[in-house]
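See below for upload_29.txt, which holds compact mmCIF, C-alpha atoms.
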# COMPACT_ATOMS: atom_id res chain seq x y z
CA MET A 4 -19.70 8.35 7.65
CA LYS A 5 -22.27 6.46 9.71
CA THR A 6 -22.25 3.70 7.10
CA ILE A 7 -18.49 3.22 7.35
CA ILE A 8 -18.66 3.17 11.16
CA THR A 9 -21.35 0.51 10.86
CA TYR A 10 -19.08 -1.51 8.56
CA LEU A 11 -16.22 -1.30 11.08
CA THR A 12 -18.41 -2.11 14.07
CA SER A 13 -19.89 -5.12 12.32
CA TRP A 14 -16.46 -6.39 11.29
CA PHE A 15 -14.98 -5.95 14.77
CA HIS A 16 -17.87 -7.78 16.43
CA THR A 17 -17.65 -10.73 14.04
CA VAL A 18 -13.90 -11.10 13.52
CA ASP A 19 -12.14 -13.87 15.45
CA LYS A 20 -10.46 -11.92 18.27
CA ARG A 21 -7.75 -14.57 18.66
CA LEU A 22 -6.87 -14.19 14.99
CA LEU A 23 -6.98 -10.39 15.19
CA THR A 24 -4.66 -10.46 18.20
CA ALA A 25 -2.23 -12.95 16.62
CA VAL A 26 -1.95 -11.04 13.31
CA SER A 27 -1.66 -7.67 15.08
CA LEU A 28 1.12 -8.95 17.36
CA PHE A 29 2.92 -10.54 14.41
CA THR A 30 2.69 -7.25 12.50
CA ALA A 31 4.09 -5.40 15.52
CA ILE A 32 7.02 -7.86 15.65
CA LEU A 33 7.76 -7.29 11.95
CA VAL A 34 7.74 -3.52 12.49
CA LEU A 35 10.00 -3.82 15.54
CA LEU A 36 12.47 -6.05 13.70
CA ASN A 37 12.58 -3.75 10.69
CA TYR A 38 13.17 -0.53 12.60
CA TYR A 39 15.70 -2.18 14.91
CA PHE A 40 17.73 -3.94 12.21
CA HIS A 41 16.85 -1.57 9.32
CA ILE A 42 15.94 -4.51 7.11
CA ASP A 43 14.39 -2.37 4.37
CA HIS A 44 17.48 -0.15 4.20
CA GLU A 45 19.76 -3.17 3.85
CA ILE A 46 17.62 -4.65 1.08
CA ARG A 47 17.58 -1.36 -0.86
CA LYS A 48 21.40 -1.33 -0.82
CA ILE A 49 21.54 -4.64 -2.72
CA ASP A 50 22.69 -4.14 -6.32
CA SER A 51 21.58 -7.46 -7.80
CA PHE A 52 17.96 -7.39 -8.98
CA PHE A 53 17.45 -11.11 -8.34
CA ILE A 54 18.87 -11.07 -4.81
CA LYS A 55 16.83 -7.96 -4.03
CA LEU A 56 13.73 -9.68 -5.45
CA ILE A 57 14.32 -12.75 -3.27
CA ALA A 58 14.84 -10.56 -0.19
CA TRP A 59 11.64 -8.58 -0.76
CA TYR A 60 9.77 -11.80 -1.49
CA ALA A 61 10.93 -13.23 1.84
CA VAL A 62 9.58 -10.18 3.69
CA SER A 63 6.34 -10.04 1.68
CA ALA A 64 5.66 -13.78 1.88
CA ALA A 65 6.20 -13.78 5.64
CA ALA A 66 3.81 -10.84 6.09
CA PHE A 67 1.15 -12.40 3.85
CA LEU A 68 1.41 -16.17 4.29
CA ILE A 69 2.05 -16.43 8.05
CA PRO A 70 -1.23 -14.57 8.88
CA TYR A 71 -2.98 -17.05 6.56
CA LEU A 72 -1.30 -19.86 8.48
CA PHE A 73 -2.73 -18.35 11.69
CA TRP A 74 -6.14 -18.22 9.99
CA PHE A 75 -5.95 -21.83 8.87
CA MET A 76 -4.96 -22.96 12.39
CA ALA A 77 -7.83 -20.96 13.92
CA ASN A 78 -10.38 -22.35 11.43
CA LYS A 79 -10.11 -26.10 11.70
CA LYS A 80 -13.14 -26.51 9.43
CA ALA A 81 -11.67 -24.30 6.72
CA LYS A 82 -11.38 -25.84 3.29
CA VAL A 83 -7.88 -26.77 2.18
CA PRO A 84 -6.98 -24.22 -0.52
CA GLY A 85 -7.39 -25.50 -4.04
CA GLN A 86 -4.71 -25.39 -6.70
CA THR A 87 -5.76 -21.94 -7.94
CA THR A 88 -5.86 -20.45 -4.44
CA LEU A 89 -2.45 -21.92 -3.57
CA LEU A 90 -1.04 -20.46 -6.75
CA LEU A 91 -2.47 -17.03 -5.91
CA LEU A 92 -1.10 -17.22 -2.36
CA VAL A 93 2.40 -17.85 -3.72
CA LEU A 94 2.13 -15.38 -6.61
CA ALA A 95 0.71 -12.44 -4.63
CA PRO A 96 3.97 -11.62 -2.74
CA ALA A 97 5.95 -12.23 -5.95
CA VAL A 98 3.92 -9.67 -7.93
CA PHE A 99 4.52 -6.88 -5.44
CA SER A 100 8.11 -7.91 -4.66
CA ASN A 101 8.83 -7.45 -8.34
CA LYS A 102 7.58 -3.87 -8.01
CA MET A 103 9.82 -3.27 -4.99
CA ALA A 104 12.91 -4.67 -6.70
CA LEU A 105 12.53 -3.23 -10.19
CA SER A 106 14.18 0.02 -11.22
CA PHE A 107 14.42 1.98 -14.46
CA PRO A 108 17.89 3.57 -14.49
CA LEU A 109 18.27 6.46 -16.93
CA LYS A 110 21.71 7.86 -17.77
CA TYR A 111 20.98 10.53 -20.35
CA ALA A 112 22.07 13.53 -18.23
CA THR A 113 25.32 14.34 -16.43
CA ASP A 114 23.44 15.46 -13.31
CA PRO A 115 22.43 12.40 -11.21
CA ALA A 116 19.50 14.33 -9.71
CA VAL A 117 18.07 14.94 -13.19
CA ASN A 118 18.37 11.23 -13.98
CA ARG A 119 16.68 10.27 -10.71
CA TYR A 120 13.83 12.70 -11.41
CA TRP A 121 13.03 11.16 -14.80
CA GLU A 122 13.53 7.64 -13.45
CA HIS A 123 10.69 8.29 -11.00
CA ILE A 124 8.51 9.85 -13.69
CA VAL A 125 8.86 6.60 -15.66
CA TYR A 126 8.94 4.17 -12.71
CA TRP A 127 5.54 4.71 -11.08
CA PRO A 128 3.35 4.65 -14.23
CA ALA A 129 5.35 1.74 -15.72
CA LEU A 130 4.97 -0.35 -12.56
CA CYS A 131 1.29 0.55 -12.42
CA PHE A 132 0.86 -0.80 -15.94
CA ILE A 133 2.86 -3.98 -15.24
CA ILE A 134 0.96 -4.87 -12.07
CA LEU A 135 -2.48 -4.01 -13.45
CA ALA A 136 -1.72 -6.06 -16.55
CA SER A 137 -0.66 -8.99 -14.35
CA LEU A 138 -3.84 -8.72 -12.30
CA TYR A 139 -5.96 -8.44 -15.43
CA ILE A 140 -4.53 -11.75 -16.70
CA ILE A 141 -5.37 -13.35 -13.34
CA TRP A 142 -8.89 -11.86 -13.46
CA LYS A 143 -9.48 -13.18 -16.95
CA ARG A 144 -8.38 -16.63 -15.78
CA GLU A 145 -10.75 -16.47 -12.81
CA ASN A 146 -13.51 -14.98 -15.00
CA GLY A 147 -15.14 -13.32 -11.99
CA ASN A 148 -18.54 -11.65 -12.20
CA GLN A 149 -17.41 -8.53 -10.35
CA PRO A 150 -15.78 -5.56 -12.11
CA LEU A 151 -12.03 -5.87 -12.53
CA PHE A 152 -10.79 -6.09 -8.94
CA GLY A 153 -13.04 -3.39 -7.56
CA PHE A 154 -13.55 -0.86 -10.38
CA LYS A 155 -17.17 -0.33 -9.45
CA THR A 156 -19.02 2.99 -9.18
CA LYS A 157 -22.67 1.93 -8.87
CA GLY A 158 -24.23 2.52 -5.46
CA ILE A 159 -21.19 4.25 -3.92
CA ASP A 160 -21.79 7.09 -1.44
CA TRP A 161 -18.85 9.44 -1.94
CA LYS A 162 -19.56 11.81 0.97
CA PRO A 163 -17.91 9.71 3.74
CA TYR A 164 -14.62 9.67 1.85
CA GLY A 165 -14.61 13.46 1.67
CA ILE A 166 -15.28 13.61 5.42
CA MET A 167 -12.31 11.27 6.04
CA LEU A 168 -10.03 13.63 4.14
CA LEU A 169 -11.31 16.61 6.13
CA ILE A 170 -10.57 14.73 9.35
CA MET A 171 -7.06 13.83 8.18
CA ALA A 172 -6.09 17.33 7.03
CA PRO A 173 -5.41 18.84 10.51
CA LEU A 174 -3.61 15.65 11.63
CA ILE A 175 -1.30 15.88 8.63
CA ALA A 176 -0.75 19.59 9.34
CA VAL A 177 0.47 18.70 12.85
CA ALA A 178 2.64 15.84 11.57
CA ALA A 179 4.24 18.18 9.00
CA THR A 180 5.88 20.13 11.82
CA GLN A 181 7.94 17.09 12.89
CA PRO A 182 11.54 16.60 11.69
CA ASP A 183 11.01 12.97 10.61
CA PHE A 184 8.10 14.07 8.40
CA LYS A 185 10.21 16.75 6.72
CA ALA A 186 12.95 14.17 6.16
CA VAL A 187 10.58 12.11 3.97
CA TYR A 188 8.14 14.61 2.43
CA PRO A 189 7.78 15.89 -0.16
CA LYS A 190 9.14 12.93 -2.10
CA LEU A 191 10.44 15.22 -4.82
CA TYR A 192 13.11 16.76 -2.58
CA ALA A 193 14.56 13.36 -1.70
CA VAL A 194 14.83 12.60 -5.42
CA THR A 195 16.43 15.94 -6.34
CA ASN A 196 18.65 16.33 -3.26
CA GLY A 197 16.51 19.11 -1.83
CA GLU A 198 16.23 21.11 -5.04
CA GLU A 199 13.36 23.54 -4.45
CA SER A 200 13.53 25.68 -7.59
CA LEU A 201 12.04 23.33 -10.18
CA PRO A 202 9.45 24.79 -12.54
CA VAL A 203 5.82 24.22 -11.58
CA TRP A 204 5.18 21.86 -14.50
CA LYS A 205 7.95 19.54 -13.30
CA VAL A 206 6.53 19.52 -9.77
CA LEU A 207 3.03 18.75 -11.06
CA LEU A 208 4.35 16.04 -13.41
CA PHE A 209 6.16 14.41 -10.49
CA GLU A 210 3.04 14.49 -8.29
CA LEU A 211 0.86 13.05 -11.06
CA SER A 212 3.36 10.26 -11.62
CA TYR A 213 3.53 9.66 -7.85
CA GLY A 214 -0.27 9.43 -7.81
CA THR A 215 -0.25 6.43 -10.16
CA ASP A 216 1.55 4.47 -7.44
CA PHE A 217 -1.58 4.66 -5.30
CA ILE A 218 -3.67 3.22 -8.09
CA THR A 219 -1.26 0.28 -8.08
CA ILE A 220 -1.43 -0.06 -4.30
CA GLU A 221 -5.22 0.15 -3.98
CA VAL A 222 -5.94 -2.25 -6.83
CA PHE A 223 -3.34 -4.73 -5.59
CA PHE A 224 -3.98 -4.67 -1.85
CA ARG A 225 -7.72 -4.02 -1.70
CA GLY A 226 -8.88 -5.08 -5.16
CA PHE A 227 -6.75 -8.23 -5.37
CA LEU A 228 -5.73 -9.32 -1.87
CA VAL A 229 -9.24 -8.79 -0.49
CA LEU A 230 -11.68 -9.35 -3.34
CA ALA A 231 -9.83 -12.27 -4.93
CA PHE A 232 -9.48 -14.12 -1.61
CA ILE A 233 -12.87 -13.58 0.05
CA LYS A 234 -14.23 -16.57 -1.89
CA TRP A 235 -11.89 -18.68 0.23
CA ALA A 236 -11.26 -16.76 3.48
CA GLY A 237 -14.29 -14.45 3.62
CA LYS A 238 -13.87 -11.26 5.65
CA ASP A 239 -10.71 -12.68 7.26
CA ALA A 240 -8.85 -11.95 4.01
CA ILE A 241 -8.58 -8.40 5.37
CA LEU A 242 -6.05 -9.31 8.09
CA PRO A 243 -3.24 -10.83 5.95
CA MET A 244 -3.69 -7.94 3.51
CA ALA A 245 -3.27 -5.36 6.29
CA CYS A 246 -0.11 -7.06 7.60
CA PHE A 247 1.40 -7.22 4.10
CA TYR A 248 0.34 -3.61 3.47
CA CYS A 249 2.15 -2.47 6.62
CA THR A 250 5.47 -3.87 5.37
CA ILE A 251 5.50 -1.72 2.23
CA HIS A 252 5.72 1.28 4.58
CA PHE A 253 9.04 0.11 6.05
CA GLY A 254 11.50 3.00 5.83
CA LYS A 255 8.84 5.66 6.34
CA PRO A 256 8.35 7.44 9.69
CA VAL A 257 7.55 4.74 12.25
CA GLY A 258 4.23 6.38 13.17
CA GLU A 259 3.14 6.26 9.53
CA CYS A 260 4.20 2.61 9.27
CA ILE A 261 2.20 1.60 12.36
CA SER A 262 -0.87 3.59 11.30
CA SER A 263 -0.76 1.95 7.85
CA TYR A 264 -1.79 -1.35 9.46
CA PHE A 265 -4.93 0.21 10.89
CA GLY A 266 -5.52 2.13 7.67
CA GLY A 267 -5.25 -1.16 5.79
CA LEU A 268 -7.87 -2.71 8.06
CA LEU A 269 -10.19 0.27 7.56
CA LEU A 270 -9.89 0.30 3.77
CA GLY A 271 -10.13 -3.48 3.64
CA VAL A 272 -13.40 -3.46 5.59
CA VAL A 273 -14.84 -0.78 3.31
CA VAL A 274 -13.86 -2.70 0.17
CA TYR A 275 -15.25 -5.92 1.61
CA HIS A 276 -18.68 -4.28 2.01
CA THR A 277 -18.74 -2.06 -1.08
CA ARG A 278 -16.78 -4.35 -3.48
CA SER A 279 -15.21 -1.14 -4.83
CA VAL A 280 -11.66 0.22 -4.47
CA LEU A 281 -12.54 3.69 -5.78
CA GLY A 282 -13.57 5.22 -2.45
CA GLY A 283 -10.41 3.95 -0.80
CA LEU A 284 -8.37 5.22 -3.73
CA ILE A 285 -9.81 8.72 -3.26
CA VAL A 286 -8.91 8.66 0.44
CA HIS A 287 -5.45 7.17 -0.07
CA LEU A 288 -4.54 9.46 -2.94
CA GLY A 289 -5.99 12.47 -1.13
CA ILE A 290 -3.96 11.73 2.00
CA ALA A 291 -0.80 11.18 -0.06
CA TRP A 292 -1.14 14.52 -1.84
CA LEU A 293 -2.03 16.29 1.42
CA MET A 294 1.19 14.89 2.92
CA GLU A 295 3.11 16.10 -0.12
CA LEU A 296 1.52 19.55 0.25
CA GLY A 297 2.33 19.53 3.96
CA GLY A 298 5.94 18.72 3.10
CA TYR A 299 6.22 21.59 0.62
CA ILE A 300 4.72 24.03 3.13
CA ALA A 301 6.91 22.75 5.98
CA HIS A 302 10.09 23.18 3.92
CA ALA A 303 9.06 26.68 2.86
CA TRP A 304 7.87 28.01 6.23
CA ILE A 305 9.38 25.88 9.00
CA ARG A 306 13.15 26.02 9.41
Entire entry expressed as structure tokens:
Amino acid sequence: MKTIITYLTSWFHTVDKRLLTAVSLFTAILVLLNYYFHIDHEIRKIDSFFIKLIAWYAVSAAAFLIPYLFWFMANKKAKVPGQTTLLLLVLAPAVFSNKMALSFPLKYATDPAVNRYWEHIVYWPALCFIILASLYIIWKRENGNQPLFGFKTKGIDWKPYGIMLLIMAPLIAVAATQPDFKAVYPKLYAVTNGEESLPVWKVLLFELSYGTDFITIEVFFRGFLVLAFIKWAGKDAILPMACFYCTIHFGKPVGECISSYFGGLLLGVVVYHTRSVLGGLIVHLGIAWLMELGGYIAHAWIR
């Protein structure tokens, strides 16, 4: 844990405070606008895939590219991005917007809840494959010397990540008592209209499928948006990533959305120093499943 604190302290002392303030305020404005105008809810109601894709791209591009504009303005000696970097800057929001807009409708059952259940079982692993395949193609083009966007195990101290999960467990337990938490977690109940009598194997299958989404998120946000851009922006690549990462939490409890920005900064700093996404994946996946467990317990015991 001391090592991670050292990483954070070092980053905070060296980061441009003007840039940190500008990106943090911009992120706060995006959060305020979303929860006031319910932007994410309105986008999710759009039926057309292409219009929905454009809408998500607009949100994602603003969250990712405007912080880079701040960075470029604050670093007058920064190199103008080359053709490859410009392409990656434009493509990055498009890759994840595609994930947000895509759906896999299944109509094999008469019960809509059954269809929604199997749609989610297919959706998360399929999107994981699509995005990882897209990133692999980019990696092969770049021909980097590092493992594929952060799949590195050598020299990793796993103990701090376990300590993080232990610290988070009581905080999640407290959050699970709140009505807005129960309205979102566990994810399974939202999919099945509150159905709580599914067999254990279906619950476990859902949670395993849900877990693949965090592989997608960690590889994309930390493995790609940090490690692929540090050659150009250095440690400052963490800030646009954290702003972008915050926007994918629109629609979740506002406290979770706000904390995701700081969580993105934390995980970004760790990845920057370790060049590995695996520790962050353990923490992120562990927290997600703890929140799911907290949701199941809250629905069973707290009325």
Go through segment 217-277 of chain A residue by residue and, counting all atoms listed in the file, keep those with an atom at most 12 Å from segment 111-131 of chain A; for each kept residue give the shortest atom pair and its distance in Å to one decimal, ordered by chain and increasing number, as a Markdown table.
| residue | atom | partner | partner_atom | distance |
| --- | --- | --- | --- | --- |
| A:Phe217 | CA | A:Cys131 | CA | 8.7 |
| A:Ile218 | CA | A:Cys131 | CA | 7.1 |
| A:Thr219 | CA | A:Cys131 | CA | 5.0 |
| A:Ile220 | CA | A:Cys131 | CA | 8.6 |
| A:Glu221 | CA | A:Cys131 | CA | 10.7 |
| A:Val222 | CA | A:Cys131 | CA | 9.6 |
| A:Phe223 | CA | A:Cys131 | CA | 9.8 |
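Counting all atoms listed in the file and comparing A:Leu296, A:Pro189, A:Thr250, A:Ile166, the residue that lies closest to Gly282 of chain A is A:Ile166.
Here atom CA of Met167 of chain A and atom CA of Ala245 of chain A stand 18.9 Å from one another.
Across the model, the gap from atom CA of Phe132 of chain A to atom CA of Thr215 of chain A is 9.3 Å.
Comparing the minimum interatomic distances between Leu138 of chain A and each of A:Val62, A:Phe253, A:Asn196, A:Phe227, counting only C-alpha atoms, we find that A:Phe227 sits nearest.
From atom CA of Pro256 of chain A back to atom CA of Ala176 of chain A, the distance works out to 15.2 Å.
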**Q.** Sphere at (8.2, -11.3, -5.4), radius 9 Å, counting all atoms listed in the file: residues as a ChimeraX atom specification
**A.** /A:56-61,63-64,93-104
I want to know what sits within 10 Å of Asp19 of chain A, based on only C-alpha atoms, with residues of the same chain fewer than 6 positions away left out; could you give that as a JSON list (two decimals) with C-alpha atoms, in the coordinates of the input?
[["chain", "number", "residue", "atom", "x", "y", "z"],
["A", 74, "TRP", "CA", -6.14, -18.22, 9.99],
["A", 77, "ALA", "CA", -7.83, -20.96, 13.92],
["A", 78, "ASN", "CA", -10.38, -22.35, 11.43],
["A", 239, "ASP", "CA", -10.71, -12.68, 7.26]]
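With all atoms listed in the file as the atoms that count, the residue of A:Asp216, A:Arg225, A:Glu210, A:Ile69 with the shortest distance to Ile134 of chain A is A:Asp216.
Closest to Gly158 of chain A among A:Ile290, A:Leu23, A:Ser279, A:Leu90 is A:Ser279, based on all atoms listed in the file.
Minimum distance to Lys5 of chain A across A:Gly258, A:Ile300, A:Lys162, A:Thr195 (counting all atoms listed in the file) occurs at A:Lys162.
The neighbours of Ile285 of chain A here are the residues that come within 9 Å of it, using all atoms listed in the file and leaving out any residue fewer than 6 positions away in the same chain; they are Tyr164, Gly165 and Leu168 of chain A.
Using only C-alpha atoms, the smallest distance between any of A:Leu281, A:Leu35, A:Gly289, A:Ala236 and Thr156 of chain A comes from A:Leu281.
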Q: Find the residues around Thr30 of chain A up to 9 Å (only C-alpha atoms counted), leave out those fewer than 5 positions away in its own chain, and share them as a ChimeraX atom specification.
A: /A:25,35,66,245-247,249-250,261,264
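If you count only C-alpha atoms and ignore residues fewer than 3 places along the chain from His44 of chain A, what sits within 12 Å of it is A:Asn37, A:Tyr38, A:Tyr39, A:Phe40, A:His41, A:Arg47, A:Lys48, A:Ile49, A:Lys55, A:Ala58, A:Trp59, A:His252, A:Phe253, A:Gly254, A:Lys255.
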